[in-house]
Amino acid sequence: MPTTEEPDAETILSAVQGEKCTTIYSLYVKDFYNILHHPGLKGFDLSSLKIVMTGGNSVSKALTTTSSQILPHVIIANVYGSTETCFVTATVPEMTSEAQNSTVGAVLPHIQLKVADDDGNSVPRNTVGELVVRGYSVFQQYYGDTAKTAAAKTKDGWYGMGDMGFIGDDGLVRITGRKTELIIKDSDNIYPGMIEGPLQEHPAVKDVKVVGVPDAVYGEELCACIILKSREDVGEEELKQFANDRGLVEEYSPGHILFVESFPKTSNGRKVDRKRLRSVAMDRLGLRELD
C-alpha cells in the first residue's frame, strides 16, 4: 500500500486494484469513510481485498453498515495501539455488531493491559482509568533520550498509553478519550468519548467531537461540535434525546450543540486539534475564559 503521509482514496483504490492487495494495513477511520464514499468506487476491482484494518477512532455502526453493503466480502478489524506499542487490541468478525462498533476489541495474545488509577493501581471492571500496557511489542527506549524513556515507562515495563477507558464485563476494551481531554463539569470527570459515541450513531451525523467550554455555574459545560452528512433538518433536542435513548445520562447531555463544516486539524493533518476546536466553539457561543 502507498506510504504517503496523507493517502487519498483514489491512490489507495488504484493500489489495491493494480497490486491485487488483500489487506489494507492500517487505515484511519476517516480515510476508510472517504474510500466508501468515493464517487468512482464502483469503477475499481477490489475483489482481491479481504481485510481492512482501521484505527485512530471507533468504527461507527453507520460505517459498518455502509461497508457491509458496498464491500460485503471484506472483513473490518478495528485495531488500537501506538507507535510505542504497535497494536495491543483488535476486534474480530465473531464479535457482535455492538462490540465492533463501541469497543476496540480484545487484548491481543502476549500483551498485558490494565486500567490504572493515578497511582498506577488496577481499577475494577467498568471503571474508567488510564490504559497501561506491557508486552513483547512495547518499545525498549526512545533513542538517545533516557529521561523521556524513564518518564514514559516504569522500571517493570508498563507504558501509559495516555488514553482513558475501561474494560467491560465482556472483557472488551472501550476508549473514552485522551487523558489530556478531561472535562470537569460540576466536579464530574467526563471524557469526550462518553458523549461522542451515542451521538455518532445518529444517521444524520458524519462526525462529532465534544469539548469543554467555560461555564459560570459548572466551571465547564459540554459542547458537541457536529458535522452532518448533508444539510439534513435535525435539531439539537432531537440529537440530545437520541443520545439519551442510547444510554447517555442526563447530566452528560451537552449543554451546547454546534453544527460545523469541518474540524481544525493538528499540524500533521491527521488528528482533530481540540484546543483550536474549543476556541472556535467559544467564539461561536460568545464565551471567554473565566476569571
# chains A, B, ... in the order shown; residues from 1 in each chain; ligands from 1

call {"tool": "select_by_dssp", "arguments": {"residues": "segment 83-277 of chain A", "states": "strand (DSSP E or B)", "output": "VMD selection string"}}
result
chain A and resid 86 to 90 106 to 107 111 to 116 122 129 to 135 153 159 to 167 173 to 178 183 to 185 188 to 190 205 to 215 219 to 228 256 to 259 265 272

call {"tool": "residues_around", "arguments": {"residues": "Thr64 of chain A", "least_positions_apart": "2", "cutoff": "12 Å", "atoms": "only C-alpha atoms", "output": "ChimeraX atom specification"}}
result
/A:29,32-33,36,52,54,58-62,66-72,74-78,93,96-102,201

call {"tool": "closest_residue", "arguments": {"among": "A:Ala243, A:Phe166, A:Ile12, A:Phe259", "to": "Arg231 of chain A", "atoms": "only C-alpha atoms"}}
result
A:Phe259

call {"tool": "atom_distance", "arguments": {"atom1": "atom CA of Ala224 of chain A", "atom2": "atom CA of Thr127 of chain A"}}
result
23.7 Å

call {"tool": "closest_residue", "arguments": {"among": "A:Val104, A:Leu285, A:Leu63, A:Val16", "to": "Leu41 of chain A", "atoms": "only C-alpha atoms"}}
result
A:Val16

call {"tool": "select_by_dssp", "arguments": {"residues": "segment 256-285 of chain A", "states": "helix (DSSP H, G or I)", "output": "MDAnalysis selection string"}}
result
chainID A and resid 274:285

call {"tool": "write_last_selection", "arguments": {"atoms": "N, CA and C atoms", "output": "short mmCIF file (atom, residue, chain, number, x, y, z; two decimals), in the first residue's frame"}}
result
data_model
loop_
_atom_site.label_atom_id
_atom_site.label_comp_id
_atom_site.auth_asym_id
_atom_site.auth_seq_id
_atom_site.Cartn_x
_atom_site.Cartn_y
_atom_site.Cartn_z
N ARG A 274 -8.22 19.69 19.19
CA ARG A 274 -9.32 20.01 20.10
C ARG A 274 -9.17 21.38 20.76
N LYS A 275 -7.93 21.82 20.96
CA LYS A 275 -7.73 23.14 21.54
C LYS A 275 -8.26 24.22 20.61
N ARG A 276 -7.95 24.09 19.33
CA ARG A 276 -8.46 25.06 18.36
C ARG A 276 -9.97 24.93 18.20
N LEU A 277 -10.46 23.71 18.24
CA LEU A 277 -11.91 23.50 18.14
C LEU A 277 -12.62 24.15 19.32
N ARG A 278 -12.02 24.05 20.49
CA ARG A 278 -12.59 24.70 21.68
C ARG A 278 -12.66 26.21 21.47
N SER A 279 -11.61 26.80 20.88
CA SER A 279 -11.60 28.24 20.62
C SER A 279 -12.69 28.62 19.62
N VAL A 280 -12.86 27.78 18.59
CA VAL A 280 -13.92 28.02 17.60
C VAL A 280 -15.28 28.00 18.29
N ALA A 281 -15.48 27.01 19.15
CA ALA A 281 -16.76 26.89 19.85
C ALA A 281 -17.01 28.10 20.75
N MET A 282 -15.98 28.53 21.46
CA MET A 282 -16.14 29.69 22.34
C MET A 282 -16.48 30.94 21.55
N ASP A 283 -15.86 31.11 20.38
CA ASP A 283 -16.17 32.26 19.53
C ASP A 283 -17.62 32.22 19.07
N ARG A 284 -18.06 31.03 18.63
CA ARG A 284 -19.43 30.89 18.15
C ARG A 284 -20.44 31.16 19.26
N LEU A 285 -20.10 30.77 20.47
CA LEU A 285 -21.01 30.91 21.60
C LEU A 285 -20.87 32.24 22.34
#

call {"tool": "atom_distance", "arguments": {"atom1": "atom CA of Arg288 of chain A", "atom2": "atom CA of Leu222 of chain A"}}
result
14.8 Å

call {"tool": "residues_around", "arguments": {"residues": "Ala151 of chain A", "least_positions_apart": "6", "cutoff": "12 Å", "atoms": "only C-alpha atoms", "output": "tab-separated table (two decimals) with N, CA and C atoms, in the first residue's frame"}}
result
chain	number	residue	atom	x	y	z
A	141	GLN	N	13.14	1.77	24.22
A	141	GLN	CA	13.55	3.10	24.67
A	141	GLN	C	13.42	4.10	23.53
A	142	TYR	N	13.35	5.38	23.90
A	142	TYR	CA	13.46	6.45	22.92
A	142	TYR	C	14.95	6.64	22.64
A	145	ASP	N	17.43	9.21	24.45
A	145	ASP	CA	16.70	10.06	25.40
A	145	ASP	C	16.25	9.21	26.59
A	157	GLY	N	8.39	-2.18	33.04
A	157	GLY	CA	7.95	-2.28	31.65
A	157	GLY	C	6.57	-1.79	31.29
A	158	TRP	N	5.83	-1.21	32.22
A	158	TRP	CA	4.49	-0.72	31.91
A	158	TRP	C	4.57	0.65	31.21
A	159	TYR	N	3.81	0.78	30.11
A	159	TYR	CA	3.79	2.02	29.33
A	159	TYR	C	2.38	2.60	29.34
A	160	GLY	N	2.25	3.86	29.75
A	160	GLY	CA	0.96	4.53	29.77
A	160	GLY	C	0.60	5.04	28.38

call {"tool": "residues_around", "arguments": {"residues": "Glu221 of chain A", "least_positions_apart": "5", "cutoff": "10 Å", "atoms": "only C-alpha atoms", "output": "PyMOL selection string"}}
result
chain A and resi 183-186+211-216+252-256

call {"tool": "closest_residue", "arguments": {"among": "A:Gly129, A:Pro203, A:Gly135, A:Gly120", "to": "Lys179 of chain A", "atoms": "only C-alpha atoms"}}
result
A:Gly129

call {"tool": "residues_around", "arguments": {"residues": "Leu248 of chain A", "least_positions_apart": "5", "cutoff": "10 Å", "atoms": "only C-alpha atoms", "output": "number ranges by chain"}}
result
A: 194-199, 240-243, 253

call {"tool": "closest_residue", "arguments": {"among": "A:Ser230, A:Cys21, A:His38, A:Lys265", "to": "Ala9 of chain A", "atoms": "only C-alpha atoms"}}
result
A:His38

call {"tool": "residues_around", "arguments": {"residues": "segment 123-125 of chain A", "least_positions_apart": "5", "cutoff": "6 Å", "atoms": "only C-alpha atoms", "output": "PyMOL selection string"}}
result
chain A and resi 115-116+167-168

call {"tool": "closest_residue", "arguments": {"among": "A:Lys229, A:Glu130, A:Glu10, A:Thr22", "to": "Pro39 of chain A", "atoms": "only C-alpha atoms"}}
result
A:Glu10
